[in-house]
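Data from entry20.cif: mmCIF, C-alpha atoms and all ligand atoms
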```
data_target
loop_
_atom_site.label_atom_id
_atom_site.label_comp_id
_atom_site.auth_asym_id
_atom_site.auth_seq_id
_atom_site.Cartn_x
_atom_site.Cartn_y
_atom_site.Cartn_z
CA MET A 608 -13.30 -33.07 59.74
CA ILE A 609 -10.15 -32.36 57.83
CA THR A 610 -11.79 -33.76 54.68
CA ASP A 611 -13.97 -30.61 54.54
CA ASN A 612 -10.87 -28.53 53.88
CA PHE A 613 -9.70 -30.57 50.94
CA PRO A 614 -9.20 -28.71 47.68
CA GLU A 615 -11.87 -29.82 45.24
CA ASN A 616 -10.77 -31.81 42.21
CA PRO A 617 -11.17 -29.63 39.13
CA TYR A 618 -12.35 -32.69 37.18
CA MET A 619 -13.32 -36.31 37.59
CA LEU A 620 -11.01 -38.92 36.06
CA LEU A 621 -12.84 -41.30 33.73
CA THR A 622 -9.59 -43.16 33.10
CA PRO A 623 -8.42 -46.67 33.93
CA GLY A 624 -6.17 -45.60 36.79
CA PRO A 625 -5.03 -43.52 38.49
CA LEU A 626 -8.71 -42.84 38.94
CA SER A 627 -11.01 -40.70 41.05
CA THR A 628 -10.76 -41.75 44.69
CA SER A 629 -12.97 -40.88 47.65
CA LYS A 630 -12.01 -38.05 49.98
CA SER A 631 -11.78 -40.52 52.85
CA VAL A 632 -9.16 -42.57 50.94
CA LYS A 633 -7.09 -39.42 50.41
CA ALA A 634 -7.63 -38.22 54.00
CA VAL A 635 -6.00 -41.24 55.67
CA MET A 636 -2.70 -40.33 53.99
CA LEU A 637 -2.31 -37.38 56.38
CA ARG A 638 -0.23 -39.35 58.82
CA ASP A 639 3.28 -40.78 58.76
CA TRP A 640 4.19 -44.39 59.46
CA CYS A 641 7.27 -46.21 60.71
CA THR A 642 8.07 -49.22 58.54
CA TRP A 643 9.68 -51.09 61.45
CA ASP A 644 6.73 -50.73 63.76
CA ASP A 645 3.92 -53.23 64.34
CA ASP A 646 1.37 -50.43 63.98
CA TYR A 647 2.22 -50.41 60.29
CA ASN A 648 3.29 -53.98 59.60
CA LEU A 649 0.65 -55.81 61.61
CA GLY A 650 -1.94 -53.05 61.65
CA VAL A 651 -1.89 -52.24 57.94
CA VAL A 652 0.24 -54.51 55.73
CA GLN A 653 -0.80 -57.89 57.12
CA LYS A 654 -4.47 -56.90 57.12
CA ILE A 655 -4.21 -55.92 53.47
CA ARG A 656 -2.43 -59.15 52.57
CA SER A 657 -5.06 -61.39 54.12
CA GLY A 658 -7.89 -59.15 52.90
CA LEU A 659 -6.68 -59.51 49.32
CA VAL A 660 -6.70 -63.29 49.55
CA ASP A 661 -10.24 -63.13 50.96
CA ILE A 662 -11.32 -61.09 47.91
CA ALA A 663 -9.54 -63.46 45.50
CA THR A 664 -10.89 -66.85 46.53
CA ALA A 665 -12.98 -68.94 48.90
CA ASN A 666 -10.03 -71.34 49.16
CA THR A 667 -7.92 -68.97 51.28
CA ALA A 668 -5.80 -71.80 52.75
CA ASP A 669 -3.94 -72.42 49.47
CA TYR A 670 -3.28 -68.80 48.54
CA THR A 671 -1.11 -65.98 49.79
CA SER A 672 -0.35 -62.44 48.64
CA VAL A 673 2.73 -60.30 48.06
CA LEU A 674 2.82 -56.51 47.75
CA MET A 675 5.44 -54.93 45.48
CA GLN A 676 6.60 -51.33 45.15
CA GLY A 677 6.06 -49.50 41.85
CA SER A 678 3.27 -49.27 39.31
CA GLY A 679 1.38 -52.32 38.08
CA THR A 680 3.94 -53.14 35.40
CA PHE A 681 6.61 -53.62 38.09
CA SER A 682 4.50 -56.37 39.65
CA VAL A 683 3.96 -57.98 36.24
CA GLU A 684 7.71 -57.90 35.62
CA ALA A 685 8.38 -59.21 39.14
CA THR A 686 6.03 -62.13 38.53
CA ILE A 687 7.22 -63.12 35.06
CA GLY A 688 10.85 -62.65 36.06
CA SER A 689 10.51 -64.61 39.31
CA VAL A 690 8.20 -67.53 38.62
CA VAL A 691 9.34 -68.83 35.22
CA PRO A 692 12.33 -71.12 35.91
CA PRO A 693 15.64 -70.59 34.04
CA ASN A 694 14.77 -73.34 31.54
CA GLY A 695 11.05 -72.47 31.40
CA LYS A 696 9.03 -71.28 28.43
CA LEU A 697 6.22 -68.74 28.53
CA LEU A 698 3.23 -68.68 26.19
CA VAL A 699 1.74 -65.18 25.97
CA LEU A 700 -1.84 -64.75 24.71
CA ALA A 701 -1.97 -61.15 23.50
CA ASN A 702 -4.73 -58.97 22.07
CA GLY A 703 -3.70 -55.45 22.92
CA ALA A 704 -0.99 -53.22 24.32
CA TYR A 705 -0.93 -54.85 27.76
CA GLY A 706 -0.70 -58.35 26.31
CA ASN A 707 2.16 -57.15 24.11
CA ARG A 708 3.82 -55.70 27.20
CA LEU A 709 3.79 -59.17 28.81
CA ALA A 710 5.70 -60.47 25.79
CA GLN A 711 8.05 -57.48 25.85
CA ILE A 712 8.89 -58.11 29.50
CA SER A 713 9.46 -61.82 28.88
CA ASN A 714 11.70 -61.14 25.87
CA ARG A 715 13.64 -58.44 27.74
CA LEU A 716 14.31 -60.97 30.49
CA LYS A 717 15.55 -63.40 27.82
CA ILE A 718 12.89 -65.94 28.74
CA ASP A 719 11.99 -68.39 25.97
CA THR A 720 8.73 -66.78 24.79
CA LEU A 721 5.98 -67.80 22.37
CA ILE A 722 3.37 -65.20 21.45
CA HIS A 723 -0.15 -65.90 20.19
CA ASP A 724 -1.34 -62.50 19.03
CA SER A 725 -5.02 -62.60 18.04
CA GLY A 726 -5.12 -58.90 17.15
CA GLU A 727 -6.74 -56.07 19.05
CA ILE A 728 -10.35 -56.87 18.36
CA ALA A 729 -10.44 -60.67 18.56
CA LEU A 730 -10.45 -63.11 21.47
CA PRO A 731 -7.56 -65.57 21.94
CA ASP A 732 -7.82 -68.65 19.73
CA MET A 733 -8.75 -71.54 22.03
CA GLU A 734 -8.09 -74.29 19.50
CA LEU A 735 -4.65 -72.91 18.78
CA LEU A 736 -3.98 -72.75 22.52
CA ARG A 737 -5.03 -76.36 22.93
CA SER A 738 -2.99 -77.67 20.00
CA THR A 739 0.06 -75.64 21.00
CA LEU A 740 0.03 -76.98 24.56
CA GLN A 741 -0.42 -80.47 23.12
CA GLN A 742 2.55 -80.16 20.77
CA ASP A 743 5.05 -77.84 22.49
CA LYS A 744 6.10 -79.69 25.62
CA ALA A 745 8.67 -77.01 26.50
CA ILE A 746 5.94 -74.55 27.55
CA THR A 747 5.75 -74.33 31.33
CA HIS A 748 3.68 -71.16 31.88
CA VAL A 749 0.80 -69.36 30.16
CA VAL A 750 -0.05 -65.70 30.72
CA VAL A 751 -3.00 -63.57 29.60
CA VAL A 752 -4.55 -60.18 30.42
CA HIS A 753 -8.07 -60.40 31.89
CA CYS A 754 -9.53 -57.01 30.96
CA GLU A 755 -7.41 -55.73 28.04
CA THR A 756 -7.53 -52.05 28.92
CA THR A 757 -6.41 -51.09 25.41
CA THR A 758 -9.92 -51.77 24.10
CA GLY A 759 -11.97 -52.78 27.16
CA MET A 760 -12.11 -56.39 25.98
CA LEU A 761 -12.74 -59.04 28.61
CA ASN A 762 -10.77 -62.19 27.91
CA PRO A 763 -12.42 -65.53 28.84
CA ILE A 764 -10.04 -66.53 31.65
CA GLU A 765 -12.34 -69.34 32.83
CA LYS A 766 -12.11 -71.16 29.47
CA ILE A 767 -8.39 -70.41 29.13
CA GLY A 768 -7.76 -71.63 32.68
CA GLU A 769 -9.57 -74.88 31.97
CA ILE A 770 -7.33 -75.61 28.96
CA VAL A 771 -4.12 -74.49 30.70
CA LYS A 772 -4.89 -76.68 33.71
CA SER A 773 -5.77 -79.69 31.54
CA TYR A 774 -2.15 -79.57 30.33
CA ASP A 775 -0.90 -78.93 33.87
CA LYS A 776 0.79 -75.59 33.08
CA VAL A 777 1.24 -72.68 35.50
CA PHE A 778 -1.39 -70.00 34.80
CA ILE A 779 -0.59 -66.29 35.25
CA VAL A 780 -3.26 -63.58 34.81
CA ASP A 781 -2.78 -59.82 34.54
CA ALA A 782 -6.05 -58.79 36.19
CA MET A 783 -4.76 -55.28 36.74
CA SER A 784 -7.87 -53.44 35.63
CA SER A 785 -10.48 -56.00 36.73
CA PHE A 786 -9.54 -57.39 40.16
CA GLY A 787 -11.94 -55.98 42.77
CA GLY A 788 -14.37 -54.82 40.08
CA ILE A 789 -15.31 -58.14 38.49
CA PRO A 790 -15.86 -61.28 40.60
CA ILE A 791 -12.95 -63.73 40.19
CA ASP A 792 -12.18 -66.87 42.19
CA VAL A 793 -8.54 -67.66 41.44
CA ASP A 794 -8.79 -71.23 42.72
CA LYS A 795 -11.91 -72.08 40.69
CA ILE A 796 -10.36 -70.65 37.52
CA GLY A 797 -7.04 -72.36 38.15
CA ILE A 798 -4.98 -69.17 38.42
CA ASP A 799 -1.60 -69.65 40.09
CA PHE A 800 -0.50 -66.00 39.99
CA LEU A 801 -2.87 -63.03 39.62
CA ILE A 802 -1.46 -59.53 39.34
CA SER A 803 -3.20 -56.22 40.07
CA SER A 804 -2.39 -52.81 41.52
CA ALA A 805 -3.51 -50.29 44.10
CA ASN A 806 -4.96 -47.67 41.77
CA LYS A 807 -7.51 -49.66 39.80
CA CYS A 808 -10.79 -51.30 40.90
CA ILE A 809 -10.00 -51.34 44.63
CA GLN A 810 -9.89 -47.55 44.19
CA GLY A 811 -6.69 -46.70 46.02
CA VAL A 812 -3.93 -44.32 44.94
CA PRO A 813 -0.90 -45.36 42.84
CA GLY A 814 2.38 -46.63 44.31
CA PHE A 815 2.33 -50.40 44.53
CA GLY A 816 1.04 -53.57 42.94
CA PHE A 817 0.22 -56.96 44.37
CA VAL A 818 0.24 -60.62 43.44
CA ILE A 819 -2.20 -63.26 44.66
CA ALA A 820 -0.25 -66.52 44.52
CA ARG A 821 -0.95 -70.18 44.99
CA GLN A 822 1.44 -70.68 47.87
CA GLY A 823 2.62 -74.12 46.78
CA GLN A 824 3.65 -72.69 43.39
CA LEU A 825 5.31 -69.60 44.86
CA GLU A 826 7.34 -71.76 47.23
CA LYS A 827 8.85 -73.57 44.24
CA THR A 828 10.29 -70.36 42.78
CA LYS A 829 13.11 -69.62 45.24
CA GLY A 830 16.21 -68.43 43.39
CA PHE A 831 14.53 -68.04 39.99
CA ALA A 832 14.34 -64.23 40.04
CA ARG A 833 16.21 -62.34 37.34
CA SER A 834 16.21 -59.13 39.41
CA LEU A 835 16.99 -58.28 43.03
CA SER A 836 14.42 -55.58 43.78
CA LEU A 837 11.72 -57.38 41.76
CA ASP A 838 12.29 -60.77 43.39
CA LEU A 839 8.76 -61.91 44.17
CA TYR A 840 9.80 -64.88 46.28
CA ASP A 841 12.20 -62.85 48.45
CA GLN A 842 9.63 -60.11 48.94
CA TRP A 843 7.05 -62.69 49.97
CA LYS A 844 9.45 -64.53 52.29
CA THR A 845 10.37 -61.31 54.07
CA MET A 846 6.70 -60.34 54.44
CA GLU A 847 5.90 -63.81 55.80
CA ASP A 848 8.84 -64.14 58.18
CA SER A 849 8.85 -60.54 59.41
CA HIS A 850 5.05 -60.20 59.62
CA GLY A 851 4.39 -57.59 56.98
CA LYS A 852 7.81 -56.02 56.53
CA TRP A 853 8.77 -54.97 53.00
CA ARG A 854 12.39 -55.51 51.90
CA TYR A 855 12.94 -51.90 50.87
CA THR A 856 11.10 -48.65 51.63
CA SER A 857 7.40 -49.23 51.31
CA PRO A 858 5.03 -46.55 49.95
CA THR A 859 3.50 -46.14 53.41
CA HIS A 860 0.91 -43.47 52.66
CA THR A 861 -0.31 -45.29 49.58
CA VAL A 862 -0.53 -48.53 51.52
CA ARG A 863 -2.55 -46.90 54.29
CA ALA A 864 -4.86 -45.36 51.68
CA PHE A 865 -5.30 -48.82 50.16
CA MET A 866 -6.47 -50.26 53.48
CA GLN A 867 -9.13 -47.56 53.60
CA ALA A 868 -10.07 -48.32 49.99
CA MET A 869 -10.50 -52.00 50.89
CA LYS A 870 -12.73 -51.01 53.81
CA GLU A 871 -14.86 -48.92 51.45
CA LEU A 872 -15.10 -51.83 49.01
CA GLU A 873 -16.45 -53.97 51.84
CA GLU A 874 -18.87 -51.22 52.93
CA GLU A 875 -20.17 -50.99 49.36
CA GLY A 876 -21.08 -54.68 49.60
CA GLY A 877 -17.94 -56.29 48.24
CA VAL A 878 -16.88 -57.09 44.69
CA ALA A 879 -20.38 -58.24 43.62
CA LYS A 880 -21.87 -54.83 44.43
CA ARG A 881 -19.00 -52.90 42.93
CA TYR A 882 -19.37 -54.96 39.77
CA GLU A 883 -23.07 -53.96 39.69
CA ARG A 884 -22.19 -50.28 40.00
CA TYR A 885 -19.58 -50.50 37.24
CA ARG A 886 -22.09 -52.31 35.05
CA SER A 887 -24.69 -49.59 35.71
CA ASN A 888 -22.12 -46.94 34.86
CA HIS A 889 -21.22 -48.80 31.67
CA LYS A 890 -24.84 -49.33 30.61
CA LYS A 891 -25.72 -45.66 31.14
CA LEU A 892 -22.58 -44.64 29.28
CA VAL A 893 -23.18 -46.81 26.23
CA GLU A 894 -26.90 -45.97 25.98
CA GLY A 895 -26.19 -42.28 26.33
CA MET A 896 -23.35 -42.29 23.81
CA GLN A 897 -25.34 -44.30 21.28
CA GLN A 898 -28.18 -41.80 21.55
CA LEU A 899 -25.67 -39.09 20.70
CA GLY A 900 -24.61 -41.07 17.62
CA PHE A 901 -21.40 -42.68 18.90
CA SER A 902 -20.70 -46.36 18.26
CA CYS A 903 -18.66 -48.86 20.31
CA LEU A 904 -15.53 -50.51 18.93
CA LEU A 905 -16.35 -53.94 20.39
CA PRO A 906 -19.46 -56.10 20.20
CA PRO A 907 -21.27 -56.23 23.58
CA SER A 908 -20.28 -59.88 24.15
CA TYR A 909 -16.56 -58.92 24.23
CA GLN A 910 -17.03 -55.79 26.29
CA SER A 911 -16.01 -55.38 29.96
CA PRO A 912 -17.80 -52.96 32.30
CA ILE A 913 -14.42 -51.36 33.09
CA ILE A 914 -13.57 -49.14 30.14
CA THR A 915 -15.25 -48.65 26.75
CA SER A 916 -13.73 -47.73 23.38
CA PHE A 917 -15.82 -45.51 21.12
CA ASN A 918 -15.18 -44.82 17.46
CA ASN A 919 -14.37 -41.22 16.71
CA PRO A 920 -17.09 -39.76 14.45
CA LYS A 921 -15.95 -39.44 10.85
CA ASN A 922 -16.78 -35.95 9.68
CA ASP A 923 -14.98 -32.64 9.04
CA ILE A 924 -16.24 -30.76 12.08
CA TYR A 925 -15.34 -33.23 14.82
CA ASN A 926 -11.89 -32.92 16.39
CA PHE A 927 -10.96 -35.15 19.33
CA ASN A 928 -8.54 -32.72 20.98
CA LYS A 929 -11.10 -29.93 21.04
CA PHE A 930 -13.77 -32.37 22.18
CA TYR A 931 -11.47 -33.53 25.00
CA ASP A 932 -10.66 -29.96 26.13
CA ARG A 933 -14.29 -28.96 26.15
CA ILE A 934 -15.30 -31.95 28.29
CA LYS A 935 -12.37 -31.34 30.64
CA GLU A 936 -13.44 -27.73 31.15
CA ASN A 937 -16.78 -29.11 32.22
CA GLY A 938 -15.28 -31.47 34.79
CA PHE A 939 -14.43 -34.79 33.14
CA VAL A 940 -11.18 -36.23 31.86
CA ILE A 941 -11.60 -39.00 29.29
CA TYR A 942 -8.90 -41.11 27.63
CA PRO A 943 -7.44 -41.08 24.13
CA GLY A 944 -7.55 -44.31 22.13
CA LYS A 945 -4.75 -46.86 22.23
CA VAL A 946 -5.95 -49.15 19.45
CA SER A 947 -3.86 -49.16 16.29
CA VAL A 948 -6.45 -50.73 13.97
CA ALA A 949 -9.19 -48.13 14.55
CA ASP A 950 -9.63 -44.43 15.39
CA THR A 951 -11.05 -44.47 18.91
CA PHE A 952 -11.20 -42.79 22.29
CA ARG A 953 -11.94 -44.41 25.64
CA ILE A 954 -14.10 -43.65 28.64
CA GLY A 955 -13.47 -45.49 31.90
CA ASN A 956 -16.16 -45.96 34.49
CA ILE A 957 -14.17 -47.36 37.39
CA GLY A 958 -13.23 -45.37 40.48
CA HIS A 959 -15.37 -43.24 42.77
CA VAL A 960 -17.82 -42.71 39.91
CA PHE A 961 -21.58 -43.25 40.04
CA PRO A 962 -24.42 -43.48 37.50
CA ASP A 963 -25.38 -39.82 38.22
CA ASP A 964 -21.85 -38.78 37.22
CA ILE A 965 -22.25 -40.65 33.95
CA GLU A 966 -25.57 -38.90 33.26
CA ASN A 967 -23.86 -35.61 33.89
CA LEU A 968 -21.04 -36.63 31.54
CA ILE A 969 -23.47 -37.49 28.75
CA ARG A 970 -25.13 -34.04 29.04
CA ASN A 971 -21.69 -32.46 28.77
CA ILE A 972 -20.69 -34.56 25.80
CA GLU A 973 -23.87 -33.58 24.00
CA ASN A 974 -22.79 -29.95 24.28
CA ALA A 975 -19.18 -30.68 23.37
CA ILE A 976 -19.50 -32.67 20.14
CA TYR A 977 -19.87 -29.67 17.86
CA TRP A 978 -19.55 -25.98 18.62
C1 LIG B 1001 -2.99 -50.44 34.22
C2 LIG B 1001 -2.61 -51.74 33.65
C3 LIG B 1001 -1.31 -52.27 33.83
C4 LIG B 1001 -0.21 -51.59 34.59
O1 LIG B 1001 0.06 -50.32 34.17
P1 LIG B 1001 0.97 -49.36 35.04
O2 LIG B 1001 0.95 -48.11 34.25
O3 LIG B 1001 2.30 -49.95 35.17
O4 LIG B 1001 0.30 -49.24 36.39
C5 LIG B 1001 -1.06 -53.54 33.34
N1 LIG B 1001 -1.99 -54.25 32.70
C6 LIG B 1001 -3.25 -53.77 32.52
C7 LIG B 1001 -4.25 -54.63 31.81
C8 LIG B 1001 -3.59 -52.50 32.98
O5 LIG B 1001 -4.84 -52.03 32.81
#
```

In structure tokens, what does this structure look like?
Amino acid sequence: MITDNFPENPYMLLTPGPLSTSKSVKAVMLRDWCTWDDDYNLGVVQKIRSGLVDIATANTADYTSVLMQGSGTFSVEATIGSVVPPNGKLLVLANGAYGNRLAQISNRLKIDTLIHDSGEIALPDMELLRSTLQQDKAITHVVVVHCETTTGMLNPIEKIGEIVKSYDKVFIVDAMSSFGGIPIDVDKIGIDFLISSANKCIQGVPGFGFVIARQGQLEKTKGFARSLSLDLYDQWKTMEDSHGKWRYTSPTHTVRAFMQAMKELEEEGGVAKRYERYRSNHKKLVEGMQQLGFSCLLPPSYQSPIITSFNNPKNDIYNFNKFYDRIKENGFVIYPGKVSVADTFRIGNIGHVFPDDIENLIRNIENAIYW
């Protein structure tokens, strides 16, 4: 097997994507594909598109999916820029860097935008959401991040969806770092557009993002797009009419790797099993870190099993950069903090990462805290 000749990774990525992928996901990239040929369009792209809808909901008849070139942000920008009508108004619920990015995109596109920023360590304010939707009739769309990767906070999309739907607004969710790793049924929650990307919980390599869309809503958006290459409707229409064809060059190797990653998700037992593994990783991580004297930024009830923020110890000996280098030498890359209100670092536990790896990490951290 060619996989035996792969160079070994010098370290495991404990980051929220790109993340550590299996050798078999990397191995399938060793072949070239023709973007005009059915082998690629029918054999790979269409299978991925229907497979994504199967992961996203039991009500597959009402949903469709679109793949979009670029990193996850490109798919977020494609969605916001393509589904909010010219006279629409977007309410952004933000509590971290990715929520703020939603607002930044909307403002950059000159969309009428209202931001509810609850701060980095608080959940969105449900009463404010309710009263705002009651009073501000101009709002047409509401968007929120599911797992706010800045902190690891899991936003309550079920409750938010219930309120958004009771006012009959279009509901958009950035589930970039949770889709495939946490069970979500888009139809039950009332999500009209869910955005994620190849290099997060499905455990593929970077290069494209995707949108799970309620088809009836997507069909209403023809001509709304504020960009040519990021026109979600056009991309979808081409993929539908030409059976998997992308409008412009598709990241073929990445897409093929993603199909393998989806197969491995299914072999693992689907999203429910992957969620269990991530939760085991997270539990081992937090218990181990707490034993070493580290504390978590968030209370457990806010915390996702995707990525965890730890407070940097406050003493004269500890130095994050040295700590980071020492752990990296021993085979693990962790993540600096992104929170502005606290001094933190982050450890992700998504990707081809197992509880044994976390145990190994904890042993290494024990040796790396002070030297
Ligand atoms: C990773 C991520 C994104 C997209 O980031 P890219 O760097 O563009 O791939 C968006 N939102 C969330 C919540 C994320 O975790």

Find the nearest atom pair between each residue of chain A and ligand LIG 1001 (chain B) for residues within 9 Å, count only C-alpha atoms and all ligand atoms, give distances in Å to one decimal, sort rows by chain and ascending number, and present the table as a Markdown table.
```
| residue | atom | partner | partner_atom | distance |
| --- | --- | --- | --- | --- |
| A:Pro623 | CA | B:LIG1001 | O5 | 6.5 |
| A:Gly624 | CA | B:LIG1001 | C1 | 6.3 |
| A:Pro625 | CA | B:LIG1001 | O4 | 8.1 |
| A:Gly677 | CA | B:LIG1001 | O3 | 7.7 |
| A:Ser678 | CA | B:LIG1001 | O4 | 4.2 |
| A:Gly679 | CA | B:LIG1001 | O4 | 3.7 |
| A:Thr680 | CA | B:LIG1001 | O3 | 3.6 |
| A:Phe681 | CA | B:LIG1001 | O3 | 6.4 |
| A:Ser682 | CA | B:LIG1001 | O3 | 8.1 |
| A:Val683 | CA | B:LIG1001 | C5 | 7.3 |
| A:Gly703 | CA | B:LIG1001 | C7 | 8.9 |
| A:Ala704 | CA | B:LIG1001 | C7 | 8.3 |
| A:Tyr705 | CA | B:LIG1001 | N1 | 5.1 |
| A:Gly706 | CA | B:LIG1001 | C7 | 7.5 |
| A:Arg708 | CA | B:LIG1001 | N1 | 8.1 |
| A:Leu709 | CA | B:LIG1001 | N1 | 8.5 |
| A:Val752 | CA | B:LIG1001 | C7 | 5.7 |
| A:His753 | CA | B:LIG1001 | C7 | 6.9 |
| A:Cys754 | CA | B:LIG1001 | C7 | 5.9 |
| A:Glu755 | CA | B:LIG1001 | C7 | 5.0 |
| A:Thr756 | CA | B:LIG1001 | O5 | 4.7 |
| A:Thr757 | CA | B:LIG1001 | O5 | 7.6 |
| A:Asp781 | CA | B:LIG1001 | N1 | 5.9 |
| A:Ala782 | CA | B:LIG1001 | C7 | 6.3 |
| A:Met783 | CA | B:LIG1001 | C6 | 4.7 |
| A:Ser784 | CA | B:LIG1001 | O5 | 4.4 |
| A:Ser785 | CA | B:LIG1001 | O5 | 7.9 |
| A:Ile802 | CA | B:LIG1001 | C5 | 8.5 |
| A:Ser803 | CA | B:LIG1001 | C5 | 7.6 |
| A:Ser804 | CA | B:LIG1001 | O4 | 6.8 |
| A:Ala805 | CA | B:LIG1001 | O4 | 8.7 |
| A:Asn806 | CA | B:LIG1001 | O4 | 7.7 |
| A:Lys807 | CA | B:LIG1001 | C1 | 7.2 |
| A:Pro813 | CA | B:LIG1001 | O4 | 7.6 |
| A:Gly814 | CA | B:LIG1001 | O4 | 8.6 |
| A:Phe815 | CA | B:LIG1001 | O4 | 8.5 |
| A:Gly816 | CA | B:LIG1001 | O4 | 7.9 |
```

Which residues are near A:Asn762? Cut-off 12 Å, all atoms listed in the file, ignore same chain within fewer than 3 positions. Put them as a compact mmCIF listing (two decimals) with C-alpha atoms, in the frame of the given file.
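As a result, around_13.txt now contains:
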```txt
# COMPACT_ATOMS: atom_id res chain seq x y z
CA LEU A 700 -1.84 -64.75 24.71
CA ALA A 701 -1.97 -61.15 23.50
CA ASN A 702 -4.73 -58.97 22.07
CA GLY A 703 -3.70 -55.45 22.92
CA GLY A 706 -0.70 -58.35 26.31
CA SER A 725 -5.02 -62.60 18.04
CA GLU A 727 -6.74 -56.07 19.05
CA ILE A 728 -10.35 -56.87 18.36
CA ALA A 729 -10.44 -60.67 18.56
CA LEU A 730 -10.45 -63.11 21.47
CA PRO A 731 -7.56 -65.57 21.94
CA ASP A 732 -7.82 -68.65 19.73
CA MET A 733 -8.75 -71.54 22.03
CA VAL A 750 -0.05 -65.70 30.72
CA VAL A 751 -3.00 -63.57 29.60
CA VAL A 752 -4.55 -60.18 30.42
CA HIS A 753 -8.07 -60.40 31.89
CA CYS A 754 -9.53 -57.01 30.96
CA GLU A 755 -7.41 -55.73 28.04
CA THR A 756 -7.53 -52.05 28.92
CA THR A 758 -9.92 -51.77 24.10
CA GLY A 759 -11.97 -52.78 27.16
CA GLU A 765 -12.34 -69.34 32.83
CA LYS A 766 -12.11 -71.16 29.47
CA ILE A 767 -8.39 -70.41 29.13
CA GLY A 768 -7.76 -71.63 32.68
CA VAL A 780 -3.26 -63.58 34.81
CA ASP A 781 -2.78 -59.82 34.54
CA ALA A 782 -6.05 -58.79 36.19
CA SER A 785 -10.48 -56.00 36.73
CA SER A 908 -20.28 -59.88 24.15
CA TYR A 909 -16.56 -58.92 24.23
CA GLN A 910 -17.03 -55.79 26.29
CA SER A 911 -16.01 -55.38 29.96
```

Kindly list the centre and edge lengths in Å, rounded to one decimal, for the axis-aligned box that covers all listed atoms of stretch 838-841 of chain A plus 4 Å on each of its six sides, as lines of an AutoDock Vina configuration file.
```
center_x = 10.5
center_y = -62.8
center_z = 45.9
size_x = 11.5
size_y = 12.1
size_z = 13.1
```

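When all atoms listed in the file are used to compute distances to A:Thr845, the closest of the residues A:Asp644, A:Leu674, A:Thr747, A:Cys903 turns out to be A:Leu674.
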
Nearest to A:Pro692: which of A:Glu847, A:Asp923, A:Asp719, A:Asp724 is it, counting all atoms listed in the file?
A:Asp719

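Across A:Asn974, A:Thr686, A:Ser713, A:Ser887, the tightest approach to A:Ile957 is made by A:Ser887 when counting only C-alpha atoms.
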
Pick from A:Arg638, A:Lys795, A:Arg884, A:Arg833, whichever lies nearest to A:Leu872 using all atoms listed in the file:
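Nearest candidate to A:Leu872 out of A:Arg638, A:Lys795, A:Arg884, A:Arg833: A:Arg884.
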
Mind listing as a PyMOL selection string all residues within 9 Å of (6.0, -59.1, 48.8), counting only C-alpha atoms?
chain A and resi 672-676+817-818+838-847+851-854

Atom CA of A:Asn666 to atom CA of A:Gln822, distance in Å rounded to a single decimal
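Taking atom CA of A:Asn666 and atom CA of A:Gln822, their separation equals 11.6 Å.
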
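Ranking A:Ile789, A:Leu899, A:Ala685, A:Val862 by their shortest atom-to-atom distance to A:Arg881, with all atoms listed in the file included, puts A:Ile789 first.
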
Which residues, written as an NGL selection string, have at least one atom at most 8 Å from stretch 929-940 of chain A, with only C-alpha atoms counted and residues fewer than 5 positions away on the same chain left out?
:A and (617-622 or 968 or 971-972 or 975-977)
